[in-house]
file coords_25.cif (mmCIF, C-alpha atoms and all ligand atoms)
data_model
#
loop_
_atom_site.label_atom_id
_atom_site.label_comp_id
_atom_site.auth_asym_id
_atom_site.auth_seq_id
_atom_site.Cartn_x
_atom_site.Cartn_y
_atom_site.Cartn_z
CA MET A 17 223.13 51.03 -6.63
CA ALA A 18 220.42 53.55 -5.88
CA THR A 19 221.35 57.22 -6.27
CA GLY A 20 218.52 58.67 -4.23
CA ARG A 21 216.40 58.17 -1.17
CA ASP A 22 213.83 55.42 -0.90
CA PRO A 23 210.37 56.33 -2.15
CA MET A 24 208.08 58.04 0.33
CA THR A 25 210.88 59.42 2.47
CA GLY A 26 210.65 63.04 1.34
CA ARG A 27 210.24 65.60 4.11
CA THR A 28 207.68 68.33 4.59
CA LEU A 29 209.07 71.81 5.12
CA ARG A 30 207.03 74.34 7.11
CA ALA A 31 208.34 77.85 7.46
CA GLN A 32 207.23 81.07 9.03
CA ILE A 33 210.06 83.54 8.60
CA THR A 34 210.49 87.15 9.68
CA VAL A 35 213.71 89.00 9.01
CA ASP A 36 213.90 92.50 10.45
CA ARG A 37 216.77 94.63 9.18
CA PRO A 38 216.99 98.42 9.53
CA SER A 39 216.19 98.96 5.86
CA PHE A 40 214.36 95.76 4.96
CA VAL A 41 211.64 93.67 6.55
CA LEU A 42 210.71 90.25 5.23
CA SER A 43 207.71 88.24 6.27
CA ALA A 44 206.81 84.94 4.62
CA GLN A 45 204.93 81.81 5.53
CA PHE A 46 204.81 78.68 3.40
CA ASP A 47 204.69 74.90 3.41
CA VAL A 48 206.41 72.65 0.92
CA PRO A 49 204.86 69.18 0.93
CA ALA A 50 207.19 66.16 0.94
CA GLY A 51 208.94 65.73 -2.38
CA ASP A 52 207.56 68.97 -3.84
CA CYS A 53 209.44 71.93 -5.26
CA LEU A 54 208.44 75.49 -4.37
CA ALA A 55 209.63 78.18 -6.78
CA ILE A 56 210.30 81.63 -5.32
CA LEU A 57 210.05 84.50 -7.80
CA GLY A 58 210.30 88.25 -7.36
CA PRO A 59 212.12 91.39 -8.48
CA ASN A 60 215.71 92.16 -7.49
CA GLY A 61 215.99 92.87 -3.78
CA ALA A 62 212.59 91.30 -3.00
CA GLY A 63 214.10 88.98 -0.38
CA LYS A 64 214.34 85.67 -2.26
CA SER A 65 217.91 84.87 -1.20
CA THR A 66 217.12 86.10 2.30
CA ILE A 67 214.47 83.36 2.61
CA LEU A 68 217.00 80.75 1.49
CA GLY A 69 219.56 82.19 3.92
CA ALA A 70 217.07 81.92 6.78
CA LEU A 71 216.21 78.33 5.85
CA ALA A 72 219.90 77.45 5.63
CA GLY A 73 220.65 79.05 9.01
CA LEU A 74 222.83 81.80 7.54
CA VAL A 75 220.46 84.73 8.24
CA THR A 76 219.13 85.78 11.65
CA MET A 77 215.34 85.40 11.78
CA THR A 78 212.38 85.00 14.03
CA GLY A 79 209.52 82.59 13.44
CA GLU A 80 209.70 78.87 12.99
CA ILE A 81 211.16 76.39 10.54
CA ARG A 82 210.23 72.71 10.79
CA ILE A 83 211.14 69.72 8.73
CA ASP A 84 208.41 67.15 9.48
CA ASP A 85 208.27 67.32 13.30
CA ARG A 86 211.88 68.43 13.69
CA ILE A 87 212.31 72.05 14.74
CA VAL A 88 215.20 73.62 12.87
CA ASP A 89 214.69 77.17 14.12
CA ASP A 90 212.14 78.70 16.48
CA GLY A 91 213.91 81.35 18.49
CA ALA A 92 214.76 78.92 21.31
CA THR A 93 216.33 76.35 19.00
CA HIS A 94 218.73 77.37 16.26
CA VAL A 95 220.19 74.30 14.59
CA PRO A 96 223.52 75.32 13.03
CA PRO A 97 223.68 75.20 9.22
CA GLU A 98 225.81 72.07 9.07
CA HIS A 99 223.32 70.08 11.15
CA ARG A 100 220.09 71.14 9.41
CA ARG A 101 220.22 68.57 6.61
CA ILE A 102 219.42 71.47 4.33
CA ALA A 103 221.74 71.84 1.32
CA LEU A 104 222.22 75.11 -0.57
CA LEU A 105 223.21 75.17 -4.23
CA GLU A 106 224.05 78.55 -5.75
CA GLN A 107 224.81 79.97 -9.19
CA LYS A 108 228.42 78.88 -8.93
CA PRO A 109 229.03 75.14 -8.52
CA ARG A 110 231.59 75.58 -5.69
CA LEU A 111 233.00 72.08 -6.08
CA PHE A 112 235.96 71.17 -3.89
CA PRO A 113 238.88 71.96 -6.22
CA HIS A 114 241.38 69.71 -4.45
CA LEU A 115 239.16 66.61 -4.75
CA SER A 116 238.38 64.59 -7.87
CA VAL A 117 234.88 64.72 -9.33
CA ARG A 118 234.19 61.25 -7.85
CA GLU A 119 235.45 62.36 -4.43
CA ASN A 120 233.21 65.43 -4.62
CA LEU A 121 230.22 63.17 -5.23
CA ALA A 122 231.27 60.71 -2.52
CA PHE A 123 231.78 63.46 0.06
CA GLY A 124 228.18 63.60 1.27
CA PRO A 125 227.67 59.84 1.55
CA ARG A 126 231.04 59.52 3.38
CA SER A 127 230.05 62.29 5.81
CA GLN A 128 226.91 60.32 6.58
CA GLY A 129 228.91 57.27 7.54
CA ARG A 130 228.77 55.26 4.32
CA SER A 131 231.80 53.03 3.74
CA ARG A 132 234.37 54.15 1.19
CA ARG A 133 233.18 51.42 -1.20
CA GLU A 134 229.50 52.39 -0.84
CA ALA A 135 230.26 56.08 -1.30
CA ARG A 136 232.29 55.34 -4.43
CA ALA A 137 229.47 53.22 -5.86
CA ILE A 138 226.98 56.04 -5.19
CA ALA A 139 229.36 58.53 -6.83
CA ASP A 140 229.78 56.30 -9.89
CA ALA A 141 226.01 55.83 -10.19
CA TRP A 142 225.60 59.61 -10.14
CA LEU A 143 228.28 60.02 -12.80
CA GLU A 144 226.21 57.72 -15.04
CA ARG A 145 223.00 59.58 -14.26
CA ILE A 146 224.47 62.97 -15.16
CA GLU A 147 226.00 61.47 -18.32
CA LEU A 148 229.59 62.12 -17.32
CA PRO A 149 230.72 58.52 -16.72
CA ASP A 150 234.37 59.08 -17.65
CA VAL A 151 235.31 62.11 -15.58
CA GLY A 152 235.36 60.58 -12.08
CA GLY A 153 239.14 60.90 -11.78
CA TRP A 154 239.28 64.47 -13.10
CA ARG A 155 239.69 67.60 -11.06
CA PRO A 156 236.54 69.77 -11.36
CA THR A 157 238.44 72.59 -13.10
CA ARG A 158 238.83 70.36 -16.19
CA LEU A 159 235.05 70.42 -16.64
CA SER A 160 233.03 73.13 -18.42
CA GLY A 161 230.82 75.41 -16.31
CA GLY A 162 227.72 73.45 -17.29
CA GLN A 163 229.36 70.11 -16.47
CA GLN A 164 230.48 71.49 -13.10
CA GLN A 165 226.92 72.54 -12.31
CA ARG A 166 225.67 69.05 -13.21
CA VAL A 167 228.19 67.61 -10.76
CA ALA A 168 227.19 70.18 -8.13
CA ILE A 169 223.52 69.20 -8.44
CA ALA A 170 224.46 65.52 -8.21
CA ARG A 171 226.73 66.20 -5.22
CA ALA A 172 223.92 67.99 -3.40
CA LEU A 173 221.43 65.18 -4.09
CA ALA A 174 223.95 62.40 -3.32
CA ALA A 175 224.08 63.72 0.24
CA GLU A 176 220.30 63.07 0.47
CA PRO A 177 219.44 66.36 2.18
CA ASP A 178 215.99 66.69 3.75
CA VAL A 179 215.59 69.94 1.81
CA LEU A 180 217.57 71.27 -1.16
CA LEU A 181 217.73 75.04 -1.65
CA LEU A 182 218.57 76.25 -5.16
CA ASP A 183 219.53 79.90 -5.61
CA GLU A 184 219.31 80.67 -9.33
CA PRO A 185 221.23 77.52 -10.28
CA PHE A 186 220.94 78.21 -14.02
CA ALA A 187 221.84 81.90 -13.99
CA ALA A 188 225.52 81.43 -14.76
CA LEU A 189 224.99 78.84 -17.50
CA ASP A 190 225.24 79.51 -21.23
CA ALA A 191 222.13 79.25 -23.38
CA GLU A 192 223.24 75.91 -24.83
CA SER A 193 223.76 73.99 -21.58
CA ALA A 194 220.98 75.59 -19.52
CA PRO A 195 218.02 73.65 -21.00
CA THR A 196 219.73 70.27 -20.47
CA ILE A 197 220.59 71.11 -16.88
CA ARG A 198 217.10 72.49 -16.18
CA ARG A 199 215.60 69.22 -17.35
CA MET A 200 218.14 67.14 -15.44
CA LEU A 201 217.43 69.02 -12.21
CA ALA A 202 213.65 68.67 -12.60
CA ASP A 203 214.00 64.95 -13.38
CA GLU A 204 216.31 64.26 -10.45
CA LEU A 205 214.25 66.24 -7.94
CA ALA A 206 211.20 64.21 -8.96
CA ARG A 207 213.03 60.89 -9.03
CA THR A 208 214.69 61.34 -5.65
CA GLU A 209 211.54 62.92 -4.13
CA THR A 210 213.68 65.67 -2.66
CA THR A 211 211.78 68.56 -1.10
CA SER A 212 213.21 71.72 -2.60
CA VAL A 213 212.97 75.50 -2.83
CA LEU A 214 214.09 77.06 -6.11
CA VAL A 215 214.81 80.78 -6.46
CA THR A 216 214.55 81.82 -10.09
CA HIS A 217 213.80 84.75 -12.38
CA GLU A 218 212.09 82.53 -14.95
CA LEU A 219 208.49 81.41 -14.80
CA SER A 220 209.46 78.57 -17.13
CA ASP A 221 211.61 77.10 -14.32
CA ALA A 222 208.55 77.00 -12.12
CA TRP A 223 206.61 75.17 -14.84
CA GLN A 224 209.42 72.68 -15.30
CA ALA A 225 210.34 71.89 -11.71
CA ALA A 226 207.81 73.26 -9.23
CA SER A 227 204.21 72.53 -8.35
CA ARG A 228 203.85 75.76 -6.36
CA CYS A 229 205.17 79.30 -6.62
CA LEU A 230 205.64 82.07 -4.11
CA VAL A 231 206.06 85.60 -5.44
CA LEU A 232 207.79 88.14 -3.21
CA ASP A 233 207.88 91.89 -3.58
CA ALA A 234 209.76 94.11 -1.12
CA GLY A 235 209.78 91.39 1.55
CA THR A 236 206.05 90.64 1.25
CA VAL A 237 204.43 87.57 -0.27
CA VAL A 238 202.17 88.87 -3.05
CA GLU A 239 201.16 85.59 -4.68
CA GLN A 240 201.21 81.92 -3.71
CA THR A 241 199.73 79.53 -6.20
CA THR A 242 200.45 77.10 -9.02
CA PRO A 243 202.51 77.92 -12.13
CA ALA A 244 199.30 77.52 -14.16
CA ALA A 245 197.38 80.08 -12.08
CA LEU A 246 200.28 82.53 -12.15
CA THR A 247 200.40 82.27 -15.91
CA ALA A 248 196.66 82.42 -16.59
CA SER A 249 195.71 84.99 -13.98
CA PRO A 250 198.65 86.88 -12.51
CA ARG A 251 197.64 89.16 -9.65
CA HIS A 252 200.82 91.19 -9.41
CA PRO A 253 202.38 93.32 -12.16
CA PHE A 254 205.73 91.60 -11.72
CA THR A 255 204.20 88.16 -12.25
CA ALA A 256 202.20 89.41 -15.22
CA ALA A 257 205.37 90.67 -16.88
CA LEU A 258 207.11 87.34 -16.16
CA ALA A 259 204.23 85.53 -17.82
CA GLY A 260 204.72 87.60 -20.97
CA TYR A 261 201.85 90.06 -20.67
CA SER A 262 201.99 93.76 -21.48
CA VAL A 263 201.56 95.57 -18.18
CA VAL A 264 200.38 99.15 -17.88
CA HIS A 265 199.94 101.05 -14.61
CA GLY A 266 197.35 103.71 -13.87
CA THR A 267 194.29 104.62 -11.82
CA TRP A 268 190.82 103.11 -12.17
CA ASP A 269 188.21 105.86 -12.69
CA GLY A 270 185.19 103.56 -12.42
CA GLY A 271 185.01 102.76 -16.12
CA ALA A 272 188.52 102.84 -17.53
CA LEU A 273 192.20 102.82 -16.63
CA VAL A 274 193.62 106.33 -16.61
CA VAL A 275 197.27 106.47 -17.62
CA GLY A 276 198.59 110.02 -17.57
CA ASP A 277 196.32 111.94 -19.97
CA ASP A 278 195.08 108.78 -21.70
CA VAL A 279 192.16 106.50 -20.96
CA LEU A 280 192.31 102.76 -21.66
CA LEU A 281 189.24 100.56 -21.77
CA GLY A 282 189.50 97.23 -20.01
CA ILE A 283 187.60 94.41 -18.38
CA VAL A 284 187.52 94.58 -14.58
CA ASP A 285 189.10 91.51 -13.00
CA GLY A 286 188.44 91.31 -9.24
CA ASP A 287 187.44 93.94 -6.68
CA ILE A 288 188.26 97.47 -7.70
CA ALA A 289 186.91 100.88 -6.71
CA PRO A 290 187.14 104.31 -8.39
CA GLY A 291 190.42 105.97 -7.45
CA ASP A 292 192.25 102.68 -6.86
CA ALA A 293 195.78 102.29 -8.16
CA ALA A 294 195.41 99.62 -10.83
CA PHE A 295 197.23 97.82 -13.59
CA GLY A 296 196.08 96.40 -16.89
CA ILE A 297 197.37 93.23 -18.54
CA VAL A 298 197.00 92.13 -22.13
CA VAL A 299 198.90 89.76 -24.39
CA PRO A 300 201.05 91.52 -27.04
CA GLN A 301 199.02 89.84 -29.81
CA ASP A 302 195.97 91.83 -28.60
CA VAL A 303 197.63 95.24 -28.80
CA THR A 304 197.32 97.05 -32.12
CA LEU A 305 199.67 99.73 -33.35
CA SER A 306 198.96 102.75 -35.54
CA ALA A 307 200.87 105.84 -36.62
CA THR A 308 197.74 108.01 -36.59
CA SER A 309 195.19 107.03 -33.92
CA GLY A 310 194.54 104.75 -30.96
CA ALA A 311 194.15 104.63 -27.20
CA ILE A 312 197.51 105.76 -25.92
CA ARG A 313 200.35 107.57 -27.65
CA SER A 314 203.75 106.54 -26.38
CA ARG A 315 207.34 106.52 -27.41
CA VAL A 316 208.80 103.19 -28.63
CA ARG A 317 211.30 101.96 -26.06
CA ALA A 318 212.54 98.79 -27.72
CA LEU A 319 211.95 96.28 -30.51
CA SER A 320 212.34 92.52 -30.09
CA VAL A 321 211.57 89.38 -32.07
CA HIS A 322 209.47 86.46 -30.73
CA SER A 323 208.63 83.39 -32.81
CA GLY A 324 209.32 85.30 -36.01
CA ARG A 325 207.16 88.31 -35.09
CA VAL A 326 208.36 91.80 -34.17
CA ARG A 327 207.23 93.20 -30.81
CA VAL A 328 207.17 96.92 -30.17
CA GLU A 329 207.53 97.92 -26.53
CA SER A 330 206.22 101.32 -25.47
CA GLU A 331 207.44 103.50 -22.64
CA ALA A 332 203.88 103.30 -21.24
CA GLY A 333 204.30 99.53 -20.77
CA LEU A 334 202.10 98.22 -23.57
CA VAL A 335 203.78 95.83 -26.00
CA ALA A 336 202.31 95.28 -29.46
CA GLU A 337 203.08 92.24 -31.58
CA LEU A 338 202.93 93.19 -35.24
CA PRO A 339 201.27 91.08 -37.92
CA GLU A 340 203.74 89.41 -40.27
CA GLY A 341 205.11 91.77 -42.89
CA THR A 342 204.27 94.99 -41.00
CA ALA A 343 207.11 97.49 -40.73
CA PRO A 344 207.65 98.59 -37.12
CA PRO A 345 208.30 102.19 -36.04
CA ALA A 346 211.87 102.94 -35.00
CA ALA A 347 212.91 103.01 -31.36
CA GLY A 348 212.33 106.53 -30.01
CA GLU A 349 209.44 107.31 -32.39
CA ARG A 350 205.93 107.89 -31.07
CA ALA A 351 203.05 105.59 -32.02
CA TRP A 352 199.48 104.85 -30.94
CA PHE A 353 198.93 101.62 -28.97
CA THR A 354 195.45 100.15 -28.44
CA PRO A 355 194.86 97.14 -26.16
CA VAL A 356 191.88 94.91 -26.94
CA GLY A 357 190.33 92.96 -24.07
CA MET A 358 192.76 94.27 -21.46
CA ARG A 359 192.10 92.97 -17.92
CA VAL A 360 192.32 95.54 -15.15
CA ARG A 361 193.12 94.65 -11.55
CA ALA A 362 193.48 96.77 -8.42
CA ALA A 363 197.16 96.99 -7.53
CA ARG A 364 196.33 96.24 -3.89
CA ALA A 365 194.60 92.98 -4.90
CA ALA A 366 198.05 91.55 -5.41
CA SER A 367 198.51 90.98 -1.69
CA THR A 368 195.12 89.48 -0.90
CA ARG A 369 195.78 85.91 -1.92
CA SER A 370 195.99 83.49 0.97
CA PRO A 371 199.42 83.57 2.61
CA VAL A 372 199.19 79.85 3.36
CA LEU A 373 200.56 77.78 0.54
CA VAL A 374 198.41 74.71 1.17
CA ALA A 375 195.34 76.89 0.82
CA ALA A 376 196.47 78.59 -2.38
CA ASP A 377 193.86 79.32 -5.05
CA PRO A 378 193.34 76.79 -7.83
CA PRO A 379 193.95 77.92 -11.40
CA GLU A 380 191.19 80.18 -12.67
N1 LIG A 401 223.80 90.60 4.44
C1 LIG A 401 222.92 91.58 4.31
N2 LIG A 401 222.87 92.59 5.22
C2 LIG A 401 221.97 93.58 5.09
N3 LIG A 401 221.09 93.67 4.08
C3 LIG A 401 221.11 92.72 3.15
C4 LIG A 401 222.02 91.63 3.21
N4 LIG A 401 221.78 90.83 2.13
C5 LIG A 401 220.77 91.39 1.44
N5 LIG A 401 220.37 92.52 2.04
C6 LIG A 401 219.26 93.39 1.62
O1 LIG A 401 218.07 92.65 1.84
C7 LIG A 401 217.15 92.89 0.78
C8 LIG A 401 216.76 91.57 0.12
O2 LIG A 401 217.91 91.05 -0.53
P1 LIG A 401 217.91 89.61 -1.24
O3 LIG A 401 219.31 89.35 -1.68
O4 LIG A 401 217.27 88.61 -0.36
O5 LIG A 401 216.96 89.86 -2.48
P2 LIG A 401 216.74 88.93 -3.77
O6 LIG A 401 215.27 88.91 -3.99
O7 LIG A 401 217.43 87.63 -3.60
O8 LIG A 401 217.42 89.81 -4.89
P3 LIG A 401 218.22 89.41 -6.25
O9 LIG A 401 217.16 88.93 -7.22
O10 LIG A 401 218.82 90.70 -6.68
O11 LIG A 401 219.23 88.36 -5.89
C9 LIG A 401 217.81 93.89 -0.14
O12 LIG A 401 217.36 95.16 0.21
C10 LIG A 401 219.28 93.72 0.14
O13 LIG A 401 219.96 94.93 -0.11
#

call {"tool": "encode", "arguments": {"input": "coords_25.cif", "output": "structure tokens", "more": "lines below"}}
Ligand SMILES: Nc1ncnc2c1ncn2[C@@H]1O[C@H](COP(=O)(O)OP(=O)(O)OP(=O)(O)O)[C@@H](O)[C@H]1O
result
Amino acid sequence: MATGRDPMTGRTLRAQITVDRPSFVLSAQFDVPAGDCLAILGPNGAGKSTILGALAGLVTMTGEIRIDDRIVDDGATHVPPEHRRIALLEQKPRLFPHLSVRENLAFGPRSQGRSRREARAIADAWLERIELPDVGGWRPTRLSGGQQQRVAIARALAAEPDVLLLDEPFAALDAESAPTIRRMLADELARTETTSVLVTHELSDAWQAASRCLVLDAGTVVEQTTPAALTASPRHPFTAALAGYSVVHGTWDGGALVVGDDVLLGIVDGDIAPGDAAFGIVVPQDVTLSATSGAIRSRVRALSVHSGRVRVESEAGLVAELPEGTAPPAAGERAWFTPVGMRVRAARAASTRSPVLVAADPPE
């Protein structure tokens, strides 16, 4: 028994969404090709969940949402949430507590008119796929949080939605179960060719599940491109920080980045003019640390350990990764940080990438 749609039946999602609230305006346009996953990233309050809400029919919007040629929302037409064939999966599994696990999985197929026997067979096939073959008769509350989320993902996919929306589906999981469930979700999205939109705070999720990313900041799309391009050449400070770079903000004076009273040398990356607000990015391995001299003197905000090396984070934003065996300064102490080969971008350049997903830049 198949547990997903037939090949080549994935749907294309096209969305142009404007949400106008008194204190928040969101404007976003994107396409998700059939069977693809679009990851939406952005700081808290950027509007990520608002986009999902608009797609699901839970948030008032203007613009247009289409699935293939079917209009879901365009001002004149507003298909109610339950008739959109768009499923929403959130942090919490929200399984039906009064139904067994098997009945939860069979619910979607039954709602679509499958016979009881067919729906049960689909549910049992999903139980095998998510490696929980023996829990069909259990109530969901007997399962761990991670197991419940596996069932919730399977329940969403068993209903064969045209589009699956995922709002931080791994955020409530413990560190042990999250990697397994991340991999399972990516595998099942690909296998079932389900078109999906994944809101996440992790760039690694985009690498694992999505072929495209959209980065939002304060309701505006600031980047739309591939996970590889976001990682290699982030154009927005938020994305750069997600990709693990040190990020330092300042003003470009025509030859260097001015940060307070300090001047940092960097390589210009893109259009930039003297006086522009700008930010520099550099990997922590290329930032040196000294007690006596360097480019910028800043207080140590925090220490962390990555792959066996200590990283020293400054209040200025620069992060230095220390060579093995080097003693770090204590948090609160001042030290000199010097970036080598820092790239400097105009802060405004973040919003100049094409707003149309299909025309997004290739990796640089
Ligand atoms: N129901 C609502 N009514 C009015 N304003 C709202 C509502 N829900 C969210 N907002 C506001 O809309 C803006 C965007 O919120 P949204 O939840 O979409 O951001 P987000 O990017 O998903 O954030 P987070 O990462 O914190 O979940 C915020 O300013 C938020 O306060």

call {"tool": "atom_distance", "arguments": {"input": "coords_25.cif", "atom1": "CA of Ser306 in chain A", "atom2": "CA of Thr267 in chain A"}}
result
24.2 Å

call {"tool": "closest_atom_pairs", "arguments": {"input": "coords_25.cif", "of": "chain A", "to": "ligand LIG 401 (chain A)", "cutoff": "12 Å", "atoms": "only C-alpha atoms and all ligand atoms", "output": "JSON lines"}}
result
{"residue": "A:Val35", "atom": "CA", "partner": "A:LIG401", "partner_atom": "O1", "distance": 9.2}
{"residue": "A:Asp36", "atom": "CA", "partner": "A:LIG401", "partner_atom": "O1", "distance": 9.6}
{"residue": "A:Arg37", "atom": "CA", "partner": "A:LIG401", "partner_atom": "C2", "distance": 6.7}
{"residue": "A:Pro38", "atom": "CA", "partner": "A:LIG401", "partner_atom": "C2", "distance": 8.2}
{"residue": "A:Ser39", "atom": "CA", "partner": "A:LIG401", "partner_atom": "O12", "distance": 6.9}
{"residue": "A:Phe40", "atom": "CA", "partner": "A:LIG401", "partner_atom": "O12", "distance": 5.7}
{"residue": "A:Val41", "atom": "CA", "partner": "A:LIG401", "partner_atom": "C7", "distance": 8.0}
{"residue": "A:Leu42", "atom": "CA", "partner": "A:LIG401", "partner_atom": "C8", "distance": 8.0}
{"residue": "A:Ser43", "atom": "CA", "partner": "A:LIG401", "partner_atom": "C8", "distance": 11.4}
{"residue": "A:Ile56", "atom": "CA", "partner": "A:LIG401", "partner_atom": "O6", "distance": 8.9}
{"residue": "A:Leu57", "atom": "CA", "partner": "A:LIG401", "partner_atom": "O6", "distance": 7.8}
{"residue": "A:Gly58", "atom": "CA", "partner": "A:LIG401", "partner_atom": "O6", "distance": 6.0}
{"residue": "A:Pro59", "atom": "CA", "partner": "A:LIG401", "partner_atom": "O9", "distance": 5.7}
{"residue": "A:Asn60", "atom": "CA", "partner": "A:LIG401", "partner_atom": "O10", "distance": 3.5}
{"residue": "A:Gly61", "atom": "CA", "partner": "A:LIG401", "partner_atom": "O5", "distance": 3.4}
{"residue": "A:Ala62", "atom": "CA", "partner": "A:LIG401", "partner_atom": "O6", "distance": 3.7}
{"residue": "A:Gly63", "atom": "CA", "partner": "A:LIG401", "partner_atom": "O4", "distance": 3.2}
{"residue": "A:Lys64", "atom": "CA", "partner": "A:LIG401", "partner_atom": "O6", "distance": 3.8}
{"residue": "A:Ser65", "atom": "CA", "partner": "A:LIG401", "partner_atom": "O7", "distance": 3.7}
{"residue": "A:Thr66", "atom": "CA", "partner": "A:LIG401", "partner_atom": "O4", "distance": 3.7}
{"residue": "A:Ile67", "atom": "CA", "partner": "A:LIG401", "partner_atom": "O4", "distance": 6.7}
{"residue": "A:Leu68", "atom": "CA", "partner": "A:LIG401", "partner_atom": "O4", "distance": 8.1}
{"residue": "A:Gly69", "atom": "CA", "partner": "A:LIG401", "partner_atom": "O4", "distance": 8.0}
{"residue": "A:Ala70", "atom": "CA", "partner": "A:LIG401", "partner_atom": "O4", "distance": 9.8}
{"residue": "A:Leu74", "atom": "CA", "partner": "A:LIG401", "partner_atom": "N1", "distance": 9.4}
{"residue": "A:Val75", "atom": "CA", "partner": "A:LIG401", "partner_atom": "N1", "distance": 7.7}
{"residue": "A:Thr76", "atom": "CA", "partner": "A:LIG401", "partner_atom": "N1", "distance": 9.9}
{"residue": "A:Glu106", "atom": "CA", "partner": "A:LIG401", "partner_atom": "O11", "distance": 10.9}
{"residue": "A:Gln107", "atom": "CA", "partner": "A:LIG401", "partner_atom": "O11", "distance": 10.6}
{"residue": "A:Leu182", "atom": "CA", "partner": "A:LIG401", "partner_atom": "O7", "distance": 11.5}
{"residue": "A:Asp183", "atom": "CA", "partner": "A:LIG401", "partner_atom": "O7", "distance": 8.3}
{"residue": "A:Glu184", "atom": "CA", "partner": "A:LIG401", "partner_atom": "O11", "distance": 8.4}
{"residue": "A:Pro185", "atom": "CA", "partner": "A:LIG401", "partner_atom": "O11", "distance": 11.9}
{"residue": "A:Ala187", "atom": "CA", "partner": "A:LIG401", "partner_atom": "O11", "distance": 10.7}
{"residue": "A:Leu214", "atom": "CA", "partner": "A:LIG401", "partner_atom": "O7", "distance": 11.4}
{"residue": "A:Val215", "atom": "CA", "partner": "A:LIG401", "partner_atom": "O7", "distance": 7.9}
{"residue": "A:Thr216", "atom": "CA", "partner": "A:LIG401", "partner_atom": "O9", "distance": 8.1}
{"residue": "A:His217", "atom": "CA", "partner": "A:LIG401", "partner_atom": "O9", "distance": 7.4}
{"residue": "A:Glu218", "atom": "CA", "partner": "A:LIG401", "partner_atom": "O9", "distance": 11.2}
{"residue": "A:Leu230", "atom": "CA", "partner": "A:LIG401", "partner_atom": "O6", "distance": 11.8}
{"residue": "A:Val231", "atom": "CA", "partner": "A:LIG401", "partner_atom": "O6", "distance": 9.9}
{"residue": "A:Leu232", "atom": "CA", "partner": "A:LIG401", "partner_atom": "O6", "distance": 7.6}
{"residue": "A:Asp233", "atom": "CA", "partner": "A:LIG401", "partner_atom": "O6", "distance": 8.0}
{"residue": "A:Ala234", "atom": "CA", "partner": "A:LIG401", "partner_atom": "C8", "distance": 7.5}
{"residue": "A:Gly235", "atom": "CA", "partner": "A:LIG401", "partner_atom": "C8", "distance": 7.1}
{"residue": "A:Thr236", "atom": "CA", "partner": "A:LIG401", "partner_atom": "O6", "distance": 10.7}
{"residue": "A:Val237", "atom": "CA", "partner": "A:LIG401", "partner_atom": "O6", "distance": 11.5}

call {"tool": "residues_near_point", "arguments": {"input": "coords_25.cif", "point": "(232.8, 64.8, -5.6)", "cutoff": "8 Å", "atoms": "all atoms listed in the file", "output": "PyMOL selection string"}}
result
chain A and resi 111-112+115-123+139+167+171

call {"tool": "write_last_selection", "arguments": {"input": "coords_25.cif", "atoms": "C-alpha atoms", "output": "mmCIF file, in the coordinates of the input"}}
result
data_model
loop_
_atom_site.group_PDB
_atom_site.id
_atom_site.type_symbol
_atom_site.label_atom_id
_atom_site.label_comp_id
_atom_site.auth_asym_id
_atom_site.auth_seq_id
_atom_site.Cartn_x
_atom_site.Cartn_y
_atom_site.Cartn_z
ATOM 1 C CA LEU A 111 233.000 72.080 -6.080
ATOM 2 C CA PHE A 112 235.960 71.170 -3.890
ATOM 3 C CA LEU A 115 239.160 66.610 -4.750
ATOM 4 C CA SER A 116 238.380 64.590 -7.870
ATOM 5 C CA VAL A 117 234.880 64.720 -9.330
ATOM 6 C CA ARG A 118 234.190 61.250 -7.850
ATOM 7 C CA GLU A 119 235.450 62.360 -4.430
ATOM 8 C CA ASN A 120 233.210 65.430 -4.620
ATOM 9 C CA LEU A 121 230.220 63.170 -5.230
ATOM 10 C CA ALA A 122 231.270 60.710 -2.520
ATOM 11 C CA PHE A 123 231.780 63.460 0.060
ATOM 12 C CA ALA A 139 229.360 58.530 -6.830
ATOM 13 C CA VAL A 167 228.190 67.610 -10.760
ATOM 14 C CA ARG A 171 226.730 66.200 -5.220
#

call {"tool": "residues_around", "arguments": {"input": "coords_25.cif", "residues": "range 125-131 of chain A", "least_positions_apart": "5", "cutoff": "9 Å", "atoms": "only C-alpha atoms", "output": "mmCIF file with C-alpha atoms, in the coordinates of the input"}}
result
data_model
loop_
_atom_site.group_PDB
_atom_site.id
_atom_site.type_symbol
_atom_site.label_atom_id
_atom_site.label_comp_id
_atom_site.auth_asym_id
_atom_site.auth_seq_id
_atom_site.Cartn_x
_atom_site.Cartn_y
_atom_site.Cartn_z
ATOM 1 C CA ARG A 136 232.290 55.340 -4.430
ATOM 2 C CA ILE A 138 226.980 56.040 -5.190
ATOM 3 C CA ALA A 139 229.360 58.530 -6.830
ATOM 4 C CA ALA A 174 223.950 62.400 -3.320
ATOM 5 C CA ALA A 175 224.080 63.720 0.240
ATOM 6 C CA GLU A 176 220.300 63.070 0.470
#

call {"tool": "closest_atom_pairs", "arguments": {"input": "coords_25.cif", "of": "range 175-286 of chain A", "to": "range 322-342 of chain A", "cutoff": "6 Å", "atoms": "only C-alpha atoms", "output": "Markdown table"}}
result
| residue | atom | partner | partner_atom | distance |
| --- | --- | --- | --- | --- |
| A:Ser262 | CA | A:Leu334 | CA | 4.9 |
| A:Val263 | CA | A:Gly333 | CA | 5.5 |
| A:Val264 | CA | A:Gly333 | CA | 4.9 |

call {"tool": "closest_residue", "arguments": {"input": "coords_25.cif", "among": "A:Ala225, A:Glu147, A:Ala363, A:Thr308", "to": "Pro253 in chain A", "atoms": "all atoms listed in the file"}}
result
A:Ala363
